[in-house]
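*Asks:* Handing you a structure now.
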Amino acid sequence: MRNIDYWRAIFTREILSYFNSPIAYIFIVVFVVLNAGIFMSQFFLIGNADMRSFFNLMPVVLSVFIPAVTMRLWSEEKKGNTFEMLLTFPMKTWQLVLGKFLAAFLFFLITLAATLPVPVMLAATGHPDPGQIIGGYTGTVLMGAFFLGIGIFVSGLCKDQIVSFIVAMIVCFFFFLTGLDFIAGVIDGWVHGAGSFLMQNFGMTRHFDGFQRGVIDNRDVLYFVVMTAAFLVLNMFSIDDRLKPKARIVFSAAVGVCLAISVVLNVLFSDIPLGRQDMTEGKLYTVTATTKKILQGLKAPVTVKLYISPAEKMPTALRSLEQDIKDRLDELRVFAAGKLQYKIFHLEPADAGQKEGEETLADKMQQKGIRPFQVRSIEQDQMDIKLVYSAVSISYKEKEEEVIPAIMPANISNFEYELVSRIYRMTLDKIPTVAMVAPFTQRVVDPQMLALLRQLGQSAPDQYVDDKFKTLAAALQYEDYKFSRVRLTRENLLPEGLDTLIIVAPEKLNDRQRYEINRFLNAGGNVILAAQNYEYRYGRSGPTGIEISGERKDSNVNDLTGPYGIRVSDKMLLDERSDTISLSGAMSFGPFEVSVPVKAPMQILVDEESMNHNVSITGRLSPLLYLWGSALETDDKKFEELGLKKTVLLTTSKKSWTVPSRGTPLSGEDVRPDRTSYEADLPLAVLLEGQFPDAFKGQAVPAWPKEDAQAAAAESVVPPPSEEKIPALSPKPGKLLLVGCSRMFEEDMIKNGGMLNFFINSVDALTLGGELINIRGHQEVNRKVKSLSNAEKLWFRFMTILAVPCLFIILGSMRAFLRKEEKEQYLQLLPS
């Protein structure tokens with residue numbers, strides 16, 4: 001026989017031994033039911049079309065499943081006294097090992113393929129990222145091969161299958177657990193550097209994480225290939241040296257050499273980029289074309305300085321942070337064509353005592369905005385706090401230095417945007433100016449509470465600001481806009497040189513305010529306007545326990561936008577695609593109030609199916625909660641007459657409807673209409689571009705209303721037209737973004753889902769263009785599954801959990817029946 005036929009003979013023998021006994025079918029059924037069952041148990045509750053939780057469980061499952069598959073490969077040979085007979089065959093040891101490994105590997109691939117109904121189900125219920133699924137399966141295959149190598153090696157050392165199973169499982173869990181930051185941190189707390197050494201050189205988890213994200217890094221592939229080969233080679237040595245003199249010495253030396261080689265290769269290639277394949281949809285982990293354009297278009301080099309604590313002074317979870325940042329800077333430097341350079345400075349909080357002239361080094365760093373911050377660390381089973389540095393400064397020409405104050409593993413995925421957005425703004429001739437008109441209230445602190453605080457030695461202001469939109473202001477300031485808050489009154493006008501005006505939840509606009517906004521639009525300004533016509537009140541009554549009534553709000557927004565052909569609808573908007581909110585104080589038990597989850601059709605969920613993916617603002621957004629919002633009414637003939645371009649950004653689902661306001665609580669018919677009453681794809685956010693008309697043309701300039709409420713009430717006459725001189729402005733094309741919901745931008749809502757990104761994207765798009773949005777949108781989004789009936793959910797559960805196991809049970813039963821028939825025929829022919 002040729003050499004190639006020997007390992008084929010072993011391969012055929014082993015693979016048939018799996019499927020000629022019930023063990024293969026039992027393993028496959030248990031594996032699929034366990035993994036798919038756990039995944040589907042919470043899939044419809046979470047509602048995300050991704051397999052991240054499925055692959056997160058794989059290291060634990062395979063640490064038990066693979067040793068169960070491999071425990072018999074050599075142990076059974078020894079128990080059945082066929083081990084020595086195999087060694088007498090005219091074949092080499094590597095052919096024996098290769099044949100057994102490939103048979104077990106094929107069986108594992110068949111078992112893993114039995115879970116493919118899960119991604120098929122995801123494709124049928126949503127829009128999963130195929131790259132992440134492919135990457136997850138690729139990583140699982142490589143991890144399975146690695147664990148198979150461990151299992152075969154351990155099986156060759158043990159005579160008993162149970163012992164082989166337990167030892168192999170312990171070794172697999174060792175490689176899994178040493179790759180966890182928490183375990184490595186605990187070990188480091190007792191033996192400094194030991195946990196980090198094990199994690200960097202042996203830990204499997206960090207190499208598997210990249211595959212789950214959909215990134216196939218060749219360094220991670222190399223780790224699995226090297227470790228798998230090392231254990232297969234050790235298995236060959238354990239068999240070869242079994243009957244040779246000084247076998248233990250040779251085998252021990254082989255173990256040491258193989259482990260040393262694996263450590264050297266991991267250390268050598270951990271800092272050397274070997275290339276990677278970004279399999280994700282939209283190439284989420286690859287530098288965007290916009291970033292390349294910005295960096296290559298720089299007129300002068302940019303210098304990036306990384307200030308970070310030394311790795312040995314960092315907590316275990318942060319010791320790879322410097323390398324991660326360095327990898328990203330190296331990638332950006334390649335695409336910058338020599339226009340980006342970086343330097344790394346190692347700092348320690350203890351350096352505060354070191355002086356440079358008359359000021360300490362810490363003082364110099366603080367002047368730049370670079371300060372140490374606290375992180376948690378585990379030291380000898382106790383939680384400790386460490387001060388560390390991890391900040392970046394950016395220098396460009398003579399501009400003021402920009403700083404990213406803190407870079408952590410949790411936000412390093414957004415590092416490209418944080419860095420490039422600051423570089424882009426530094427290249428602008430002037431800082432973009434943004435103003436916001438949004439209501440806030442100045443409240444007085446209760447005198448008794450103020451006195452109590454002062455008695456306790458605490459200082460407190462006499463007044464405070466109750467502002468529901470302070471997060472919007474903080475976000476704009478963080479994005480380096482020149483931001484101001486205005487009331488749009490005689491004393492607080494729009495600032496000079498304003499680029500974009502944001503109006504959120506406007507109170508009743510007077511004629512002069514509408515005039516100022518119209519004049520700003522007519523002169524080429526950009527306006528973002530968010531307003532809704534209804535607030536809802538929830539009460540405890542009715543057959544469902546909740547009574548909902550809508551309260552009409554009148555902000556005169558339609559008087560402003562009506563001349564442009566767009567209005568906020570006067571009807572209440574409802575949609576079957578809704579989300580659940582927590583209603584505080586809806587139930588009480590004695591003096592205690594509890595929150596109650598409420599799902600109602602005016603709590604509209606806008607998912608990716610209802611977003612315009614051709615526009616940068618909504619191209620890659622997580623779902624939005626369009627809470628209590630209104631639909632928009634558009635007049636296409638008016639747009640054509642005025643020459644305005646309309647772009648619909650958000651719409652309702654196919655199953656939405658409107659209800660006129662009657663001043664009474666909503667009835668059952670209102671919230672559950674017939675299917676024939678649906679109004680599909682109603683616009684929720686519309687962008688208008690072009691030359692906006694002067695709605696006050698030929699009219700006198702409206703006067704500012706009197707600020708004194710009593711005087712205003714005493715006068716029954718309309719204020720005379722203003723005689724103030726208004727400078728003439730030349731008309732220019734402008735932009736108006738109208739959103740029929742302001743509640744989604746309030747403090748308790750803006751940080752959830754994609755609301756904040758939608759707001760920042762809108763400001764960037766109108767003020768700067770779509771460049772930065774393309775970079776900010778370069779991140780993972782929540783991929784919601786579509787609404788399904790209970791029957792559909794039950795069908796998908798059956799297909800993913802039970803369909804394939806039932807098929808293998810049938811195949812196993814048929815195989816057992818055929819083997820029984822063959823055995824009976826053989827016994828009948830035996831006497832003759």
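Residue numbers start at 1 in each chain; chains themselves are named A, B, ... in the order of the structure tokens; ligands are numbered from 1 in the order shown.
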Please produce, as CSV, a per-residue contact table for stretch 510-567 of chain A versus stretch 658-669 of chain A (criterion: any atom at most 7 Å away, only C-alpha atoms considered), showing the nearest atom pair and its distance in Å to one decimal, sorted by chain then residue number.

*Replies:*
residue,atom,partner,partner_atom,distance
A:Glu547,CA,A:Pro665,CA,6.7
A:Ile548,CA,A:Pro665,CA,5.5
A:Ser549,CA,A:Pro665,CA,4.0
A:Gly550,CA,A:Pro665,CA,6.9

*Asks:* Filtering to all heavy atoms, could you give me those residues as a PDB file, in the first residue's frame?

*Replies:*
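Wrote it out as selection.pdb, contents follow:
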ATOM      1  N   GLU A 547     -55.208  52.937  31.100  1.00  0.00           N
ATOM      2  CA  GLU A 547     -56.006  53.849  30.279  1.00  0.00           C
ATOM      3  C   GLU A 547     -55.076  54.917  29.721  1.00  0.00           C
ATOM      4  O   GLU A 547     -54.320  55.535  30.468  1.00  0.00           O
ATOM      5  CB  GLU A 547     -57.100  54.481  31.125  1.00  0.00           C
ATOM      6  CG  GLU A 547     -57.991  55.435  30.345  1.00  0.00           C
ATOM      7  CD  GLU A 547     -59.022  56.090  31.238  1.00  0.00           C
ATOM      8  OE1 GLU A 547     -58.636  57.015  31.987  1.00  0.00           O
ATOM      9  OE2 GLU A 547     -60.189  55.671  31.206  1.00  0.00           O
ATOM     10  N   ILE A 548     -55.121  55.110  28.409  1.00  0.00           N
ATOM     11  CA  ILE A 548     -54.210  56.034  27.742  1.00  0.00           C
ATOM     12  C   ILE A 548     -55.009  57.152  27.098  1.00  0.00           C
ATOM     13  O   ILE A 548     -55.979  56.906  26.377  1.00  0.00           O
ATOM     14  CB  ILE A 548     -53.378  55.300  26.666  1.00  0.00           C
ATOM     15  CG1 ILE A 548     -52.652  54.113  27.288  1.00  0.00           C
ATOM     16  CG2 ILE A 548     -52.390  56.253  26.015  1.00  0.00           C
ATOM     17  CD1 ILE A 548     -51.919  53.263  26.282  1.00  0.00           C
ATOM     18  N   SER A 549     -54.590  58.366  27.368  1.00  0.00           N
ATOM     19  CA  SER A 549     -55.250  59.523  26.754  1.00  0.00           C
ATOM     20  C   SER A 549     -54.180  60.472  26.218  1.00  0.00           C
ATOM     21  O   SER A 549     -53.118  60.641  26.823  1.00  0.00           O
ATOM     22  CB  SER A 549     -56.145  60.242  27.775  1.00  0.00           C
ATOM     23  OG  SER A 549     -55.414  60.581  28.926  1.00  0.00           O
ATOM     24  N   GLY A 550     -54.463  61.059  25.083  1.00  0.00           N
ATOM     25  CA  GLY A 550     -53.532  61.982  24.448  1.00  0.00           C
ATOM     26  C   GLY A 550     -53.900  63.422  24.722  1.00  0.00           C
ATOM     27  O   GLY A 550     -55.074  63.800  24.636  1.00  0.00           O
TER      28      GLY A 550
END

*Asks:* Which residues come within 10 Å of A:Tyr307, counting only C-alpha atoms, excluding same-chain residues fewer than 6 positions away, as a ChimeraX atom specification?

*Replies:* /A:322,343-348,365,370-372,388-393,405-406

*Asks:* How about saving the chosen residues, C-alpha atoms kept, as a PDB file, in the first residue's frame?

*Replies:*
ATOM      1  CA  GLU A 322      -1.000  49.874  24.294  1.00  0.00           C
ATOM      2  CA  LYS A 343       5.060  58.864  19.494  1.00  0.00           C
ATOM      3  CA  ILE A 344       4.517  56.862  22.673  1.00  0.00           C
ATOM      4  CA  PHE A 345       5.298  58.255  26.131  1.00  0.00           C
ATOM      5  CA  HIS A 346       5.106  56.080  29.243  1.00  0.00           C
ATOM      6  CA  LEU A 347       3.833  57.921  32.294  1.00  0.00           C
ATOM      7  CA  GLU A 348       3.078  56.908  35.841  1.00  0.00           C
ATOM      8  CA  MET A 365      -0.017  67.023  31.448  1.00  0.00           C
ATOM      9  CA  ILE A 370      -4.293  64.698  30.231  1.00  0.00           C
ATOM     10  CA  ARG A 371      -4.953  63.306  33.686  1.00  0.00           C
ATOM     11  CA  PRO A 372      -4.687  59.852  35.255  1.00  0.00           C
ATOM     12  CA  VAL A 388      -3.326  54.918  35.062  1.00  0.00           C
ATOM     13  CA  TYR A 389      -2.732  57.062  31.998  1.00  0.00           C
ATOM     14  CA  SER A 390      -4.249  56.289  28.612  1.00  0.00           C
ATOM     15  CA  ALA A 391      -4.726  59.453  26.572  1.00  0.00           C
ATOM     16  CA  VAL A 392      -3.892  60.823  23.137  1.00  0.00           C
ATOM     17  CA  SER A 393      -3.000  64.356  22.055  1.00  0.00           C
ATOM     18  CA  PRO A 405      -8.671  62.096  27.564  1.00  0.00           C
ATOM     19  CA  ALA A 406      -9.281  58.378  28.111  1.00  0.00           C
TER      20      ALA A 406
END

*Asks:* So the first atom is atom CA of A:Pro705 and the second is atom CA of A:Asn518; what is the distance between them in Å, to one decimal place?

*Replies:*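 So the answer is 17.6 Å.
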
*Asks:* Could you pull out the strand (DSSP E) residues of stretch 472-583 of chain A, going by DSSP on the backbone, and write them as a ChimeraX atom specification?

*Replies:* /A:482-485,500-504,526-530,534-539,547-552,566-568,572-575,578-583

*Asks:* Next, the residues of the selection above should be written as a PDB file, in the first residue's frame with C-alpha atoms.

*Replies:*
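Saved to out27.pdb:
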ATOM      1  CA  LYS A 482     -18.889  76.217  19.025  1.00  0.00           C
ATOM      2  CA  PHE A 483     -22.151  75.773  20.891  1.00  0.00           C
ATOM      3  CA  SER A 484     -24.573  78.240  22.500  1.00  0.00           C
ATOM      4  CA  ARG A 485     -28.000  77.923  24.076  1.00  0.00           C
ATOM      5  CA  THR A 500     -26.933  75.299  12.225  1.00  0.00           C
ATOM      6  CA  LEU A 501     -29.935  76.077  14.409  1.00  0.00           C
ATOM      7  CA  ILE A 502     -31.492  73.254  16.451  1.00  0.00           C
ATOM      8  CA  ILE A 503     -35.037  73.674  17.759  1.00  0.00           C
ATOM      9  CA  VAL A 504     -36.312  70.924  20.069  1.00  0.00           C
ATOM     10  CA  ASN A 526     -29.471  74.874   8.386  1.00  0.00           C
ATOM     11  CA  VAL A 527     -32.343  74.101  10.753  1.00  0.00           C
ATOM     12  CA  ILE A 528     -33.119  70.911  12.674  1.00  0.00           C
ATOM     13  CA  LEU A 529     -36.635  71.048  14.087  1.00  0.00           C
ATOM     14  CA  ALA A 530     -38.088  68.343  16.368  1.00  0.00           C
ATOM     15  CA  TYR A 534     -49.233  65.037  21.561  1.00  0.00           C
ATOM     16  CA  GLU A 535     -48.237  64.005  25.060  1.00  0.00           C
ATOM     17  CA  TYR A 536     -49.808  60.866  26.514  1.00  0.00           C
ATOM     18  CA  ARG A 537     -51.029  60.147  30.016  1.00  0.00           C
ATOM     19  CA  TYR A 538     -51.314  56.637  31.415  1.00  0.00           C
ATOM     20  CA  GLY A 539     -53.904  55.820  34.050  1.00  0.00           C
ATOM     21  CA  GLU A 547     -56.006  53.849  30.279  1.00  0.00           C
ATOM     22  CA  ILE A 548     -54.210  56.034  27.742  1.00  0.00           C
ATOM     23  CA  SER A 549     -55.250  59.523  26.754  1.00  0.00           C
ATOM     24  CA  GLY A 550     -53.532  61.982  24.448  1.00  0.00           C
ATOM     25  CA  GLU A 551     -53.105  65.656  25.302  1.00  0.00           C
ATOM     26  CA  ARG A 552     -52.836  68.093  22.399  1.00  0.00           C
ATOM     27  CA  ILE A 566     -44.553  70.187   5.155  1.00  0.00           C
ATOM     28  CA  ARG A 567     -46.541  69.912   8.385  1.00  0.00           C
ATOM     29  CA  VAL A 568     -46.674  67.873  11.603  1.00  0.00           C
ATOM     30  CA  MET A 572     -52.404  60.723  16.789  1.00  0.00           C
ATOM     31  CA  LEU A 573     -49.983  58.189  15.309  1.00  0.00           C
ATOM     32  CA  LEU A 574     -49.999  54.498  16.228  1.00  0.00           C
ATOM     33  CA  ASP A 575     -48.016  51.554  14.935  1.00  0.00           C
ATOM     34  CA  SER A 578     -43.921  49.274  19.089  1.00  0.00           C
ATOM     35  CA  ASP A 579     -41.618  48.880  22.056  1.00  0.00           C
ATOM     36  CA  THR A 580     -42.081  48.389  25.778  1.00  0.00           C
ATOM     37  CA  ILE A 581     -41.460  51.174  28.276  1.00  0.00           C
ATOM     38  CA  SER A 582     -41.410  51.039  32.053  1.00  0.00           C
ATOM     39  CA  LEU A 583     -44.235  53.065  33.580  1.00  0.00           C
TER      40      LEU A 583
END

*Asks:* Against stretch 225-240 of chain A, which residues of stretch 165-215 of chain A fall within 12 Å? For each one I want the closest pair of atoms and the distance in Å (one decimal), counting only C-alpha atoms, rows by chain and increasing residue number, as CSV.

*Replies:*
residue,atom,partner,partner_atom,distance
A:Ala168,CA,A:Phe231,CA,11.7
A:Val171,CA,A:Phe231,CA,11.6
A:Cys172,CA,A:Met227,CA,11.9
A:Phe175,CA,A:Met227,CA,10.5
A:Asn201,CA,A:Met227,CA,10.5
A:Phe202,CA,A:Met227,CA,8.8
A:Gly203,CA,A:Met227,CA,10.9
A:Met204,CA,A:Met227,CA,9.8
A:His207,CA,A:Val225,CA,11.7

*Asks:* Given the selection you just returned, output its residues as a file containing C-alpha atoms, formatted as a compact mmCIF listing (two decimals), in the first residue's frame.

*Replies:*
# COMPACT_ATOMS: atom_id res chain seq x y z
CA ALA A 168 -8.52 16.36 28.56
CA VAL A 171 -6.53 20.87 29.92
CA CYS A 172 -9.14 22.41 27.58
CA PHE A 175 -6.50 27.08 27.87
CA ASN A 201 1.12 32.81 25.39
CA PHE A 202 -1.39 30.06 26.13
CA GLY A 203 -4.81 31.66 26.62
CA MET A 204 -7.18 30.75 23.82
CA HIS A 207 -7.68 34.61 19.92

*Asks:* Just checking: using only C-alpha atoms, which residue out of A:Val141, A:Leu321, A:Leu222, A:Leu62 ends up closest to A:Leu306?

*Replies:*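 Looking at the shortest contact to A:Leu306, the residue is A:Leu321.
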
*Asks:* Residues at most 10 Å from A:Val804, counting only C-alpha atoms, excluding those fewer than 6 positions away in the same chain, as an NGL selection string?

*Replies:* :A and (28-29 or 32-33 or 113-117 or 798 or 810)

*Asks:* Calculated over only C-alpha atoms, which of the candidates A:Leu96, A:Arg376, A:Gly144, A:Asn414 has the smallest distance to A:Phe182?

*Replies:*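 Ranking A:Leu96, A:Arg376, A:Gly144, A:Asn414 by distance to A:Phe182, first place goes to A:Arg376.
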
*Asks:* Can you list, as a compact mmCIF listing (two decimals) with N, CA, C and O atoms, in the first residue's frame, every protein, DNA or RNA residue that comes within 10 Å of A:Ala816 when you count only C-alpha atoms, leaving out same-chain residues fewer than 3 positions away?

*Replies:*
# COMPACT_ATOMS: atom_id res chain seq x y z
N PHE A 19 -20.05 5.99 13.52
CA PHE A 19 -21.43 5.90 13.04
C PHE A 19 -21.97 4.47 13.04
O PHE A 19 -23.15 4.28 12.75
N ASN A 20 -21.14 3.48 13.34
CA ASN A 20 -21.64 2.11 13.49
C ASN A 20 -22.13 1.84 14.91
O ASN A 20 -22.59 0.74 15.20
N SER A 21 -21.99 2.83 15.76
CA SER A 21 -22.48 2.70 17.13
C SER A 21 -23.37 3.90 17.44
O SER A 21 -23.31 4.92 16.75
N PRO A 22 -24.19 3.79 18.47
CA PRO A 22 -25.09 4.91 18.78
C PRO A 22 -24.36 6.17 19.26
O PRO A 22 -24.98 7.24 19.33
N ILE A 810 -33.49 9.33 13.05
CA ILE A 810 -34.00 8.45 11.98
C ILE A 810 -32.85 7.75 11.26
O ILE A 810 -32.91 6.53 11.02
N LEU A 811 -31.80 8.51 10.92
CA LEU A 811 -30.65 7.90 10.24
C LEU A 811 -29.98 6.85 11.13
O LEU A 811 -29.57 5.78 10.65
N GLY A 812 -29.85 7.17 12.42
CA GLY A 812 -29.25 6.19 13.34
C GLY A 812 -30.08 4.93 13.46
O GLY A 812 -29.53 3.82 13.51
N SER A 813 -31.40 5.10 13.51
CA SER A 813 -32.27 3.93 13.59
C SER A 813 -32.17 3.08 12.33
O SER A 813 -32.13 1.84 12.40
N ARG A 819 -27.59 -2.78 10.04
CA ARG A 819 -26.51 -3.57 10.62
C ARG A 819 -27.05 -4.84 11.27
O ARG A 819 -26.40 -5.90 11.25
N LYS A 820 -28.25 -4.76 11.84
CA LYS A 820 -28.86 -5.94 12.41
C LYS A 820 -29.18 -6.96 11.32
O LYS A 820 -28.97 -8.18 11.48
N GLU A 821 -29.71 -6.45 10.18
CA GLU A 821 -30.00 -7.34 9.06
C GLU A 821 -28.72 -7.99 8.54
O GLU A 821 -28.69 -9.20 8.24
N GLU A 822 -27.65 -7.20 8.41
CA GLU A 822 -26.38 -7.76 7.95
C GLU A 822 -25.86 -8.82 8.91
O GLU A 822 -25.31 -9.86 8.50

*Asks:* Can you list, as a ChimeraX atom specification, all residues belonging to stretch 500-740 of chain A that DSSP tags as helix (DSSP H, G or I)?

*Replies:* /A:511-522,557-564,608-610,636-642,668-671,675-677,709-714

*Asks:* Provide the atom CA of A:Gln341 to atom CA of A:Thr303 distance in Å, to one decimal place.

*Replies:* 5.1 Å

*Asks:* Which of these residues is nearest to A:Lys293, using only C-alpha atoms: A:Arg52, A:Val420, A:Ile308, A:Leu106?

*Replies:*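 For A:Lys293, the nearest of the given residues is A:Val420.
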